[in-house]
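Before any comments, here is the structure.
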Amino acid sequence: MDIAIVGSGYVGLVTGVCLAHIGHNVVCCDNNEEKIKALKAGKVPIYEPGLDELLEKYRKSGRITFTSSIAEAAKKATVIFIAVGTPSKKNGDADLTYIENVAREVAQNMDSYKLLVEKSTVPAQTGDRIARTIRLNLPAKHKQGKNATLEFDVASNPEFLREGSAVEDFMNPDRIVIGVESKRAERLLRDIYKPLKATIVVTNLATAEMIKHASNSFFSTKLSFINSVAQICDRVGADVEKVAEGMGYDKRIGRSFLNAGIGYGGSCFPKDVDAFVRLAEKSGYDFKILKSVRDVNEQQKEWFVRHVEDKLWIVKDKTIAVWGLAFKSNTDDMRSAASLTVIEALQDEGARIQAYDPQAMPNAKKMLKGVKFCDDPYAAAKGADCLLLITEWDEFRQVDLAKTRDLMRQAVVFDGRNFLDARALGELGYEYYGIGRGGNA
């Protein structure tokens, strides 16, 4: 099938490359000329395991191409996925400016049936607004009064890709959700995903839009819940890791998203929780649970900073090593990363920061000032008064902890992800502080 993807960020690029991989002809479109130039040359602008190899394969075969022209992409494709950004406004609403712009430009260049598919995360009822925008902006030859004479459909197909495992998630989905208002749209989307042999959930447009927001908000709720439990564990001498294990064996609960830490980040959870709260407010419902989820997440980062300040005693003029900057491992994404809040707060107290991340430092350098970025974990630890583990990269499990200890001025570790081996660190003479581990584990 001939498919266009408008937006070549994390979601759009992974979707485009993977659709090419399962047999479709794909044109990816983005208004960032430099990004398109790089993609045409085979350079992937993001870090996502496995993506660069697939891009190179299908770029060379011609199954995936790139353009900065929506008009060009729209003319080539029957199905057009919209995967542009929907950032948060100051009031928490999703900013749908880019969605509207795409719908308008596609409408102005339509000359045959098109299926526009929401891939971006959008509030319920956005599909109706896209359809209205298309009707209003069709060329006069395709309208009779207020009615369109050119057929089109709008559908919702939310993505459930995790950064760091997005290619694997696309190829082996738990389910594929499609929200449609016509059999024609359903048939097209079923044909697109047929090679994946996955469970397909078919709903109307508004329901599909709600499924994505509800899913991400529930994951966020589990994370804030376990972080609240971790706070109590520290106060009563319990181990949150064992609490989560004991809970996780219950099939009604499950172990996923019960990893205590310093809060969630990234481009999805914070934005989607805010947008869902705002959607609820505008519909007349006070979503108190989600408001608390959001508050707990921010408080967790603040608590971690206070914990470091308390145990370190004097922060001013101390050197603090930071391992990991990205919001999670296996990505270079710094959006809403906990490291930003933690580092800036400690800098405000006069600390000197030495940091290392395997992938995210180029992006981090654009967002963090006054930080010494190091070539490896050992360089970051050299002369440090304490070490903060912020992102759980596998590389940090391979570090020689005895060598690290000898490089540090004080062997004190604050493990913001309960990722390091507390017992091994203790045996090596470290003072170790995890999250919800009953204090000094």
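Letters for chains follow the order of the structure tokens (A, B, ...), residue numbers begin at 1 for each chain, and ligand numbers begin at 1 in the order shown.
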- [ ] Name all residues at most 6 Å from region 139-152 of chain A (count only C-alpha atoms; drop same-chain ones fewer than 3 positions away) and give them as a list of chain:residue names.
- [x] A:Gln108, A:Tyr113, A:Lys114, A:Leu115, A:Arg135
DSSP on the backbone, helix (DSSP H, G or I) only: what residues of region 241-373 of chain A does that give? Format it as a JSON list (two decimals) with N, CA and C atoms, in the first residue's frame.
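After the write, result.json holds the following:
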[["chain", "number", "residue", "atom", "x", "y", "z"],
["A", 241, "GLU", "N", 11.37, -2.91, 46.83],
["A", 241, "GLU", "CA", 11.61, -3.88, 45.78],
["A", 241, "GLU", "C", 10.90, -5.20, 46.09],
["A", 242, "LYS", "N", 10.94, -5.62, 47.34],
["A", 242, "LYS", "CA", 10.26, -6.84, 47.75],
["A", 242, "LYS", "C", 8.74, -6.64, 47.80],
["A", 243, "VAL", "N", 8.33, -5.44, 48.18],
["A", 243, "VAL", "CA", 6.90, -5.13, 48.17],
["A", 243, "VAL", "C", 6.36, -5.25, 46.75],
["A", 244, "ALA", "N", 7.08, -4.66, 45.78],
["A", 244, "ALA", "CA", 6.66, -4.71, 44.37],
["A", 244, "ALA", "C", 6.66, -6.14, 43.86],
["A", 245, "GLU", "N", 7.66, -6.93, 44.27],
["A", 245, "GLU", "CA", 7.72, -8.33, 43.85],
["A", 245, "GLU", "C", 6.51, -9.09, 44.37],
["A", 246, "GLY", "N", 6.20, -8.88, 45.65],
["A", 246, "GLY", "CA", 5.07, -9.58, 46.24],
["A", 246, "GLY", "C", 3.75, -9.17, 45.61],
["A", 247, "MET", "N", 3.62, -7.91, 45.24],
["A", 247, "MET", "CA", 2.42, -7.44, 44.57],
["A", 247, "MET", "C", 2.34, -7.99, 43.14],
["A", 248, "GLY", "N", 3.48, -8.00, 42.49],
["A", 248, "GLY", "CA", 3.52, -8.32, 41.06],
["A", 248, "GLY", "C", 3.11, -9.72, 40.71],
["A", 269, "PHE", "N", 4.15, 10.56, 29.08],
["A", 269, "PHE", "CA", 3.40, 10.49, 30.32],
["A", 269, "PHE", "C", 3.07, 11.87, 30.91],
["A", 270, "PRO", "N", 4.04, 12.78, 31.08],
["A", 270, "PRO", "CA", 3.68, 14.08, 31.67],
["A", 270, "PRO", "C", 2.65, 14.83, 30.82],
["A", 271, "LYS", "N", 2.87, 14.85, 29.51],
["A", 271, "LYS", "CA", 1.98, 15.57, 28.60],
["A", 271, "LYS", "C", 0.59, 14.93, 28.56],
["A", 272, "ASP", "N", 0.54, 13.60, 28.50],
["A", 272, "ASP", "CA", -0.74, 12.92, 28.36],
["A", 272, "ASP", "C", -1.57, 12.99, 29.63],
["A", 273, "VAL", "N", -0.91, 12.94, 30.78],
["A", 273, "VAL", "CA", -1.64, 13.11, 32.04],
["A", 273, "VAL", "C", -2.26, 14.51, 32.10],
["A", 274, "ASP", "N", -1.47, 15.53, 31.77],
["A", 274, "ASP", "CA", -1.99, 16.89, 31.76],
["A", 274, "ASP", "C", -3.19, 17.03, 30.82],
["A", 275, "ALA", "N", -3.05, 16.46, 29.62],
["A", 275, "ALA", "CA", -4.12, 16.59, 28.63],
["A", 275, "ALA", "C", -5.39, 15.86, 29.06],
["A", 276, "PHE", "N", -5.23, 14.71, 29.73],
["A", 276, "PHE", "CA", -6.39, 13.95, 30.18],
["A", 276, "PHE", "C", -7.11, 14.68, 31.31],
["A", 277, "VAL", "N", -6.32, 15.30, 32.20],
["A", 277, "VAL", "CA", -6.91, 16.10, 33.27],
["A", 277, "VAL", "C", -7.72, 17.25, 32.68],
["A", 278, "ARG", "N", -7.17, 17.91, 31.66],
["A", 278, "ARG", "CA", -7.86, 19.03, 31.03],
["A", 278, "ARG", "C", -9.11, 18.57, 30.28],
["A", 279, "LEU", "N", -9.01, 17.44, 29.60],
["A", 279, "LEU", "CA", -10.18, 16.90, 28.90],
["A", 279, "LEU", "C", -11.30, 16.63, 29.89],
["A", 280, "ALA", "N", -10.93, 16.04, 31.04],
["A", 280, "ALA", "CA", -11.93, 15.76, 32.07],
["A", 280, "ALA", "C", -12.57, 17.05, 32.58],
["A", 281, "GLU", "N", -11.74, 18.06, 32.84],
["A", 281, "GLU", "CA", -12.26, 19.33, 33.33],
["A", 281, "GLU", "C", -13.26, 19.94, 32.34],
["A", 282, "LYS", "N", -12.91, 19.93, 31.06],
["A", 282, "LYS", "CA", -13.78, 20.54, 30.05],
["A", 282, "LYS", "C", -15.07, 19.74, 29.85],
["A", 283, "SER", "N", -15.03, 18.45, 30.23],
["A", 283, "SER", "CA", -16.25, 17.64, 30.13],
["A", 283, "SER", "C", -17.09, 17.71, 31.41],
["A", 288, "LYS", "N", -9.51, 13.86, 40.12],
["A", 288, "LYS", "CA", -8.64, 14.07, 41.28],
["A", 288, "LYS", "C", -7.50, 13.06, 41.36],
["A", 289, "ILE", "N", -7.77, 11.82, 40.97],
["A", 289, "ILE", "CA", -6.72, 10.79, 41.02],
["A", 289, "ILE", "C", -5.54, 11.20, 40.16],
["A", 290, "LEU", "N", -5.82, 11.63, 38.92],
["A", 290, "LEU", "CA", -4.72, 11.98, 38.02],
["A", 290, "LEU", "C", -4.00, 13.24, 38.47],
["A", 291, "LYS", "N", -4.71, 14.17, 39.07],
["A", 291, "LYS", "CA", -4.05, 15.36, 39.62],
["A", 291, "LYS", "C", -3.04, 14.94, 40.70],
["A", 292, "SER", "N", -3.42, 13.99, 41.52],
["A", 292, "SER", "CA", -2.52, 13.50, 42.56],
["A", 292, "SER", "C", -1.34, 12.74, 41.96],
["A", 293, "VAL", "N", -1.59, 11.98, 40.90],
["A", 293, "VAL", "CA", -0.50, 11.28, 40.21],
["A", 293, "VAL", "C", 0.55, 12.27, 39.74],
["A", 294, "ARG", "N", 0.10, 13.34, 39.16],
["A", 294, "ARG", "CA", 1.00, 14.39, 38.66],
["A", 294, "ARG", "C", 1.76, 15.04, 39.82],
["A", 295, "ASP", "N", 1.07, 15.33, 40.90],
["A", 295, "ASP", "CA", 1.73, 15.96, 42.05],
["A", 295, "ASP", "C", 2.78, 15.05, 42.67],
["A", 296, "VAL", "N", 2.44, 13.78, 42.82],
["A", 296, "VAL", "CA", 3.38, 12.82, 43.41],
["A", 296, "VAL", "C", 4.64, 12.71, 42.56],
["A", 297, "ASN", "N", 4.47, 12.72, 41.25],
["A", 297, "ASN", "CA", 5.62, 12.60, 40.36],
["A", 297, "ASN", "C", 6.60, 13.77, 40.54],
["A", 298, "GLU", "N", 6.06, 14.97, 40.65],
["A", 298, "GLU", "CA", 6.93, 16.13, 40.84],
["A", 298, "GLU", "C", 7.55, 16.11, 42.23],
["A", 299, "GLN", "N", 6.77, 15.70, 43.23],
["A", 299, "GLN", "CA", 7.29, 15.65, 44.59],
["A", 299, "GLN", "C", 8.40, 14.63, 44.75],
["A", 300, "GLN", "N", 8.35, 13.55, 43.96],
["A", 300, "GLN", "CA", 9.37, 12.52, 44.05],
["A", 300, "GLN", "C", 10.74, 13.07, 43.65],
["A", 301, "LYS", "N", 10.76, 13.87, 42.61],
["A", 301, "LYS", "CA", 12.04, 14.49, 42.18],
["A", 301, "LYS", "C", 12.55, 15.44, 43.25],
["A", 302, "GLU", "N", 11.63, 16.23, 43.82],
["A", 302, "GLU", "CA", 12.02, 17.19, 44.86],
["A", 302, "GLU", "C", 12.53, 16.45, 46.10],
["A", 303, "TRP", "N", 11.87, 15.33, 46.44],
["A", 303, "TRP", "CA", 12.31, 14.55, 47.60],
["A", 303, "TRP", "C", 13.72, 14.00, 47.38],
["A", 304, "PHE", "N", 14.00, 13.53, 46.18],
["A", 304, "PHE", "CA", 15.32, 12.98, 45.89],
["A", 304, "PHE", "C", 16.40, 14.04, 46.10],
["A", 305, "VAL", "N", 16.14, 15.25, 45.65],
["A", 305, "VAL", "CA", 17.11, 16.33, 45.83],
["A", 305, "VAL", "C", 17.30, 16.61, 47.32],
["A", 306, "ARG", "N", 16.20, 16.69, 48.06],
["A", 306, "ARG", "CA", 16.31, 16.94, 49.51],
["A", 306, "ARG", "C", 17.06, 15.82, 50.20],
["A", 307, "HIS", "N", 16.84, 14.58, 49.75],
["A", 307, "HIS", "CA", 17.53, 13.42, 50.33],
["A", 307, "HIS", "C", 19.04, 13.54, 50.12],
["A", 308, "VAL", "N", 19.43, 13.91, 48.92],
["A", 308, "VAL", "CA", 20.86, 14.09, 48.63],
["A", 308, "VAL", "C", 21.43, 15.21, 49.51],
["A", 309, "GLU", "N", 20.72, 16.32, 49.60],
["A", 309, "GLU", "CA", 21.18, 17.45, 50.41],
["A", 309, "GLU", "C", 21.32, 17.06, 51.88],
["A", 310, "ASP", "N", 20.37, 16.26, 52.37],
["A", 310, "ASP", "CA", 20.39, 15.85, 53.77],
["A", 310, "ASP", "C", 21.57, 14.96, 54.08],
["A", 311, "LYS", "N", 21.80, 13.94, 53.25],
["A", 311, "LYS", "CA", 22.86, 12.98, 53.53],
["A", 311, "LYS", "C", 24.25, 13.56, 53.21],
["A", 312, "LEU", "N", 24.32, 14.42, 52.19],
["A", 312, "LEU", "CA", 25.61, 15.02, 51.85],
["A", 312, "LEU", "C", 26.00, 16.10, 52.84],
["A", 338, "ALA", "N", 14.18, 13.45, 34.53],
["A", 338, "ALA", "CA", 14.37, 13.77, 35.95],
["A", 338, "ALA", "C", 15.72, 14.43, 36.18],
["A", 339, "SER", "N", 16.70, 14.09, 35.37],
["A", 339, "SER", "CA", 18.05, 14.66, 35.54],
["A", 339, "SER", "C", 18.02, 16.18, 35.46],
["A", 340, "LEU", "N", 17.15, 16.73, 34.65],
["A", 340, "LEU", "CA", 17.10, 18.19, 34.50],
["A", 340, "LEU", "C", 16.72, 18.85, 35.82],
["A", 341, "THR", "N", 15.66, 18.33, 36.45],
["A", 341, "THR", "CA", 15.20, 18.89, 37.72],
["A", 341, "THR", "C", 16.26, 18.73, 38.80],
["A", 342, "VAL", "N", 16.83, 17.53, 38.89],
["A", 342, "VAL", "CA", 17.80, 17.22, 39.95],
["A", 342, "VAL", "C", 19.06, 18.06, 39.79],
["A", 343, "ILE", "N", 19.62, 18.08, 38.60],
["A", 343, "ILE", "CA", 20.88, 18.80, 38.38],
["A", 343, "ILE", "C", 20.71, 20.30, 38.62],
["A", 344, "GLU", "N", 19.65, 20.88, 38.08],
["A", 344, "GLU", "CA", 19.45, 22.32, 38.23],
["A", 344, "GLU", "C", 19.23, 22.70, 39.69],
["A", 345, "ALA", "N", 18.54, 21.85, 40.45],
["A", 345, "ALA", "CA", 18.31, 22.13, 41.87],
["A", 345, "ALA", "C", 19.62, 22.08, 42.65],
["A", 346, "LEU", "N", 20.46, 21.11, 42.35],
["A", 346, "LEU", "CA", 21.75, 20.99, 43.05],
["A", 346, "LEU", "C", 22.70, 22.10, 42.63],
["A", 347, "GLN", "N", 22.64, 22.52, 41.38],
["A", 347, "GLN", "CA", 23.45, 23.66, 40.95],
["A", 347, "GLN", "C", 23.04, 24.93, 41.68],
["A", 348, "ASP", "N", 21.74, 25.08, 41.92],
["A", 348, "ASP", "CA", 21.26, 26.25, 42.64],
["A", 348, "ASP", "C", 21.83, 26.31, 44.06],
["A", 361, "MET", "N", 24.04, 12.85, 25.80],
["A", 361, "MET", "CA", 24.82, 14.06, 26.10],
["A", 361, "MET", "C", 24.70, 15.15, 25.02],
["A", 362, "PRO", "N", 24.65, 14.82, 23.72],
["A", 362, "PRO", "CA", 24.46, 15.91, 22.75],
["A", 362, "PRO", "C", 23.18, 16.70, 22.99],
["A", 363, "ASN", "N", 22.09, 16.01, 23.32],
["A", 363, "ASN", "CA", 20.84, 16.71, 23.63],
["A", 363, "ASN", "C", 20.91, 17.41, 24.98],
["A", 364, "ALA", "N", 21.58, 16.77, 25.95],
["A", 364, "ALA", "CA", 21.67, 17.36, 27.29],
["A", 364, "ALA", "C", 22.46, 18.67, 27.27],
["A", 365, "LYS", "N", 23.47, 18.73, 26.41],
["A", 365, "LYS", "CA", 24.29, 19.94, 26.35],
["A", 365, "LYS", "C", 23.48, 21.15, 25.92]]
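Residues surrounding Ile226 (chain A) within 9 Å are Thr221, Lys222, Ala230, Gln231, Val240, Ala244, Phe257, Leu258, Asn259, Ala260 and Gly261 of chain A [only C-alpha atoms; sequence separation below 4 positions excluded].
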How about saving the chosen residues, C-alpha atoms kept, as a PDB file, in the first residue's frame?
ATOM      1  CA  THR A 221      -0.699   6.067  38.167  1.00  0.00           C
ATOM      2  CA  LYS A 222       1.108   2.793  38.883  1.00  0.00           C
ATOM      3  CA  ALA A 230       8.543   3.729  48.586  1.00  0.00           C
ATOM      4  CA  GLN A 231       8.269   6.842  50.735  1.00  0.00           C
ATOM      5  CA  VAL A 240       9.941  -1.472  48.196  1.00  0.00           C
ATOM      6  CA  ALA A 244       6.659  -4.710  44.374  1.00  0.00           C
ATOM      7  CA  PHE A 257       5.440  -0.188  36.090  1.00  0.00           C
ATOM      8  CA  LEU A 258       6.026  -0.983  39.762  1.00  0.00           C
ATOM      9  CA  ASN A 259       9.654   0.132  39.772  1.00  0.00           C
ATOM     10  CA  ALA A 260      10.179   2.839  42.370  1.00  0.00           C
ATOM     11  CA  GLY A 261      12.423   5.709  41.336  1.00  0.00           C
TER      12      GLY A 261
END
List every residue of region 340-397 of chain A that has an atom at most 10 Å from any atom of region 423-441 of chain A, giving for each one its closest atom pair and the distance in Å to one decimal, counting only C-alpha atoms, sorted by chain and then by ascending residue number, as a Markdown table.
| residue | atom | partner | partner_atom | distance |
| --- | --- | --- | --- | --- |
| A:Cys386 | CA | A:Glu431 | CA | 9.4 |
| A:Leu387 | CA | A:Tyr432 | CA | 9.7 |
| A:Leu388 | CA | A:Tyr433 | CA | 9.7 |
| A:Leu389 | CA | A:Gly434 | CA | 9.6 |
- [ ] One decimal, Å: what's the distance from CA of Thr203 (chain A) over to CA of Val180 (chain A), could you say?
- [x]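 One can read the CA of Thr203 (chain A) to CA of Val180 (chain A) distance as 6.4 Å.
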Need to verify the contact set: Tyr378 (chain A), 12 Å, only C-alpha atoms, exclusion of same-chain residues closer than 4 positions in sequence. Can you return it as a PDB file with N, CA and C atoms, in the first residue's frame?
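Okay, this is what ended up in out-v6.pdb:
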ATOM      1  N   ALA A 321      28.788  13.511  40.941  1.00  0.00           N
ATOM      2  CA  ALA A 321      28.803  12.736  39.689  1.00  0.00           C
ATOM      3  C   ALA A 321      27.387  12.282  39.366  1.00  0.00           C
ATOM      4  N   VAL A 322      27.026  12.360  38.092  1.00  0.00           N
ATOM      5  CA  VAL A 322      25.705  11.914  37.643  1.00  0.00           C
ATOM      6  C   VAL A 322      25.895  10.891  36.539  1.00  0.00           C
ATOM      7  N   TRP A 323      25.358   9.697  36.759  1.00  0.00           N
ATOM      8  CA  TRP A 323      25.363   8.659  35.730  1.00  0.00           C
ATOM      9  C   TRP A 323      23.956   8.571  35.134  1.00  0.00           C
ATOM     10  N   GLN A 354      29.391  16.699  37.377  1.00  0.00           N
ATOM     11  CA  GLN A 354      30.132  15.961  36.349  1.00  0.00           C
ATOM     12  C   GLN A 354      29.228  14.827  35.883  1.00  0.00           C
ATOM     13  N   ALA A 355      28.890  14.799  34.606  1.00  0.00           N
ATOM     14  CA  ALA A 355      27.862  13.868  34.137  1.00  0.00           C
ATOM     15  C   ALA A 355      28.314  13.048  32.944  1.00  0.00           C
ATOM     16  N   TYR A 356      27.706  11.853  32.860  1.00  0.00           N
ATOM     17  CA  TYR A 356      27.946  10.971  31.705  1.00  0.00           C
ATOM     18  C   TYR A 356      26.662  10.241  31.351  1.00  0.00           C
ATOM     19  N   ASP A 357      26.371  10.154  30.055  1.00  0.00           N
ATOM     20  CA  ASP A 357      25.280   9.343  29.525  1.00  0.00           C
ATOM     21  C   ASP A 357      25.748   8.746  28.202  1.00  0.00           C
ATOM     22  N   PHE A 373      30.579  17.585  31.070  1.00  0.00           N
ATOM     23  CA  PHE A 373      30.183  16.330  30.440  1.00  0.00           C
ATOM     24  C   PHE A 373      31.425  15.478  30.201  1.00  0.00           C
ATOM     25  N   CYS A 374      31.353  14.232  30.639  1.00  0.00           N
ATOM     26  CA  CYS A 374      32.534  13.368  30.672  1.00  0.00           C
ATOM     27  C   CYS A 374      32.450  12.257  29.633  1.00  0.00           C
ATOM     28  N   LYS A 382      35.390  10.794  39.037  1.00  0.00           N
ATOM     29  CA  LYS A 382      36.684  11.230  39.563  1.00  0.00           C
ATOM     30  C   LYS A 382      36.544  12.474  40.443  1.00  0.00           C
ATOM     31  N   GLY A 383      36.988  12.338  41.708  1.00  0.00           N
ATOM     32  CA  GLY A 383      36.966  13.453  42.641  1.00  0.00           C
ATOM     33  C   GLY A 383      35.599  13.814  43.181  1.00  0.00           C
ATOM     34  N   ALA A 384      34.592  12.970  42.934  1.00  0.00           N
ATOM     35  CA  ALA A 384      33.226  13.304  43.332  1.00  0.00           C
ATOM     36  C   ALA A 384      32.975  13.032  44.809  1.00  0.00           C
ATOM     37  N   LEU A 387      27.788  10.078  44.142  1.00  0.00           N
ATOM     38  CA  LEU A 387      27.388   9.649  42.802  1.00  0.00           C
ATOM     39  C   LEU A 387      25.878   9.467  42.766  1.00  0.00           C
ATOM     40  N   GLU A 395      25.099  -0.356  30.766  1.00  0.00           N
ATOM     41  CA  GLU A 395      26.533  -0.082  30.867  1.00  0.00           C
ATOM     42  C   GLU A 395      26.979   0.119  32.309  1.00  0.00           C
ATOM     43  N   PHE A 396      26.097   0.663  33.129  1.00  0.00           N
ATOM     44  CA  PHE A 396      26.474   0.958  34.509  1.00  0.00           C
ATOM     45  C   PHE A 396      26.569  -0.303  35.363  1.00  0.00           C
ATOM     46  N   GLN A 398      28.178  -2.826  34.315  1.00  0.00           N
ATOM     47  CA  GLN A 398      29.479  -3.384  33.970  1.00  0.00           C
ATOM     48  C   GLN A 398      30.641  -2.588  34.550  1.00  0.00           C
ATOM     49  N   VAL A 399      30.349  -1.476  35.200  1.00  0.00           N
ATOM     50  CA  VAL A 399      31.402  -0.606  35.725  1.00  0.00           C
ATOM     51  C   VAL A 399      32.143  -1.304  36.867  1.00  0.00           C
ATOM     52  N   ASP A 400      33.461  -1.115  36.929  1.00  0.00           N
ATOM     53  CA  ASP A 400      34.287  -1.621  38.027  1.00  0.00           C
ATOM     54  C   ASP A 400      34.044  -0.723  39.236  1.00  0.00           C
ATOM     55  N   LEU A 401      33.251  -1.214  40.181  1.00  0.00           N
ATOM     56  CA  LEU A 401      32.851  -0.379  41.314  1.00  0.00           C
ATOM     57  C   LEU A 401      33.998  -0.109  42.283  1.00  0.00           C
ATOM     58  N   ALA A 402      34.953  -1.032  42.351  1.00  0.00           N
ATOM     59  CA  ALA A 402      36.124  -0.789  43.199  1.00  0.00           C
ATOM     60  C   ALA A 402      36.966   0.348  42.620  1.00  0.00           C
ATOM     61  N   LYS A 403      37.149   0.325  41.311  1.00  0.00           N
ATOM     62  CA  LYS A 403      37.886   1.400  40.647  1.00  0.00           C
ATOM     63  C   LYS A 403      37.163   2.727  40.818  1.00  0.00           C
ATOM     64  N   THR A 404      35.830   2.694  40.689  1.00  0.00           N
ATOM     65  CA  THR A 404      35.036   3.913  40.857  1.00  0.00           C
ATOM     66  C   THR A 404      35.193   4.469  42.257  1.00  0.00           C
ATOM     67  N   ARG A 405      35.135   3.576  43.252  1.00  0.00           N
ATOM     68  CA  ARG A 405      35.295   3.994  44.659  1.00  0.00           C
ATOM     69  C   ARG A 405      36.622   4.711  44.866  1.00  0.00           C
ATOM     70  N   ASP A 406      37.681   4.161  44.299  1.00  0.00           N
ATOM     71  CA  ASP A 406      39.011   4.746  44.491  1.00  0.00           C
ATOM     72  C   ASP A 406      39.159   6.096  43.798  1.00  0.00           C
ATOM     73  N   LEU A 407      38.338   6.330  42.778  1.00  0.00           N
ATOM     74  CA  LEU A 407      38.385   7.612  42.073  1.00  0.00           C
ATOM     75  C   LEU A 407      37.631   8.706  42.810  1.00  0.00           C
ATOM     76  N   MET A 408      36.643   8.290  43.628  1.00  0.00           N
ATOM     77  CA  MET A 408      35.781   9.257  44.288  1.00  0.00           C
ATOM     78  C   MET A 408      36.422   9.828  45.550  1.00  0.00           C
TER      79      MET A 408
END
Task: Contacts of Asp174 (chain A) within 12 Å, only C-alpha atoms, excl. fewer than 3 positions in-chain, as a PyMOL selection string - done: chain A and resi 159-161+168-171+177+196-201
Take the residues from that selection and put them in a file with N, CA and C atoms, as a short mmCIF file (atom, residue, chain, number, x, y, z; two decimals), in the first residue's frame.
data_model
loop_
_atom_site.label_atom_id
_atom_site.label_comp_id
_atom_site.auth_asym_id
_atom_site.auth_seq_id
_atom_site.Cartn_x
_atom_site.Cartn_y
_atom_site.Cartn_z
N GLU A 159 -0.48 4.97 19.01
CA GLU A 159 0.75 4.17 19.11
C GLU A 159 0.99 3.80 20.58
N PHE A 160 1.59 2.64 20.76
CA PHE A 160 1.95 2.17 22.11
C PHE A 160 3.43 1.76 22.12
N LEU A 161 4.25 2.60 21.52
CA LEU A 161 5.68 2.30 21.39
C LEU A 161 6.44 2.87 22.58
N GLU A 168 10.84 -3.17 18.27
CA GLU A 168 10.33 -4.45 18.79
C GLU A 168 8.85 -4.33 19.13
N ASP A 169 8.45 -3.23 19.74
CA ASP A 169 7.04 -3.04 20.10
C ASP A 169 6.15 -2.97 18.86
N PHE A 170 6.63 -2.31 17.81
CA PHE A 170 5.83 -2.21 16.59
C PHE A 170 5.64 -3.58 15.95
N MET A 171 6.70 -4.35 15.91
CA MET A 171 6.65 -5.64 15.22
C MET A 171 5.93 -6.71 16.03
N VAL A 177 -5.04 -0.87 18.04
CA VAL A 177 -6.33 -0.21 18.22
C VAL A 177 -6.62 0.65 17.00
N LEU A 196 1.33 -8.36 10.55
CA LEU A 196 1.74 -8.50 11.94
C LEU A 196 0.97 -9.59 12.68
N LYS A 197 -0.17 -10.02 12.12
CA LYS A 197 -0.98 -11.08 12.75
C LYS A 197 -1.25 -10.78 14.22
N ALA A 198 -1.65 -9.55 14.50
CA ALA A 198 -1.88 -9.11 15.87
C ALA A 198 -3.36 -9.00 16.17
N THR A 199 -3.70 -8.99 17.46
CA THR A 199 -5.07 -8.73 17.88
C THR A 199 -5.44 -7.29 17.53
N ILE A 200 -6.56 -7.11 16.83
CA ILE A 200 -7.00 -5.77 16.44
C ILE A 200 -8.29 -5.43 17.18
N VAL A 201 -8.25 -4.31 17.88
CA VAL A 201 -9.42 -3.81 18.61
C VAL A 201 -10.03 -2.69 17.78
#
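The interatomic distance for the pair CA of Ile134 (chain A) and CA of Thr15 (chain A) works out to 23.6 Å.
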Task: Residue set, region 141-351 of chain A restricted to strand (DSSP E), as a ChimeraX atom specification - done: /A:143-144,147-148,152-156,176-179,200-203,319-323
Open item on the list: Can you tell me which residues surround Gly265 (chain A) at a distance of at most 6 Å, considering only C-alpha atoms, apart from same-chain residues fewer than 2 positions away, and format the answer as a list of chain:residue names?
Closed with: A:Phe327, A:Ser336, A:Ala337
Residues as selected, N, CA and C atoms, written as a PDB file, in the first residue's frame, can you do that?
ATOM      1  N   PHE A 327      15.693  10.418  29.952  1.00  0.00           N
ATOM      2  CA  PHE A 327      14.573  10.137  30.856  1.00  0.00           C
ATOM      3  C   PHE A 327      14.431   8.649  31.130  1.00  0.00           C
ATOM      4  N   SER A 336      11.514  16.233  29.612  1.00  0.00           N
ATOM      5  CA  SER A 336      10.998  16.021  30.982  1.00  0.00           C
ATOM      6  C   SER A 336      11.835  15.009  31.768  1.00  0.00           C
ATOM      7  N   ALA A 337      13.106  14.901  31.447  1.00  0.00           N
ATOM      8  CA  ALA A 337      13.988  13.963  32.159  1.00  0.00           C
ATOM      9  C   ALA A 337      14.166  14.412  33.609  1.00  0.00           C
TER      10      ALA A 337
END
- [ ] Write out as a ChimeraX atom specification the residues lying within 7 Å of Asn109 (chain A), counting only C-alpha atoms and excluding same-chain residues fewer than 2 positions away.
- [x] /A:71,74,105-107,111
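Rounded to one decimal, CA of Val11 (chain A) and CA of Leu96 (chain A) lie 16.2 Å from each other.
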Task: Closest of A:Leu189, A:Leu54, A:Ile262, A:Ile70 to Glu118 (chain A) - atom-to-atom distances counting only C-alpha atoms - done: A:Leu189
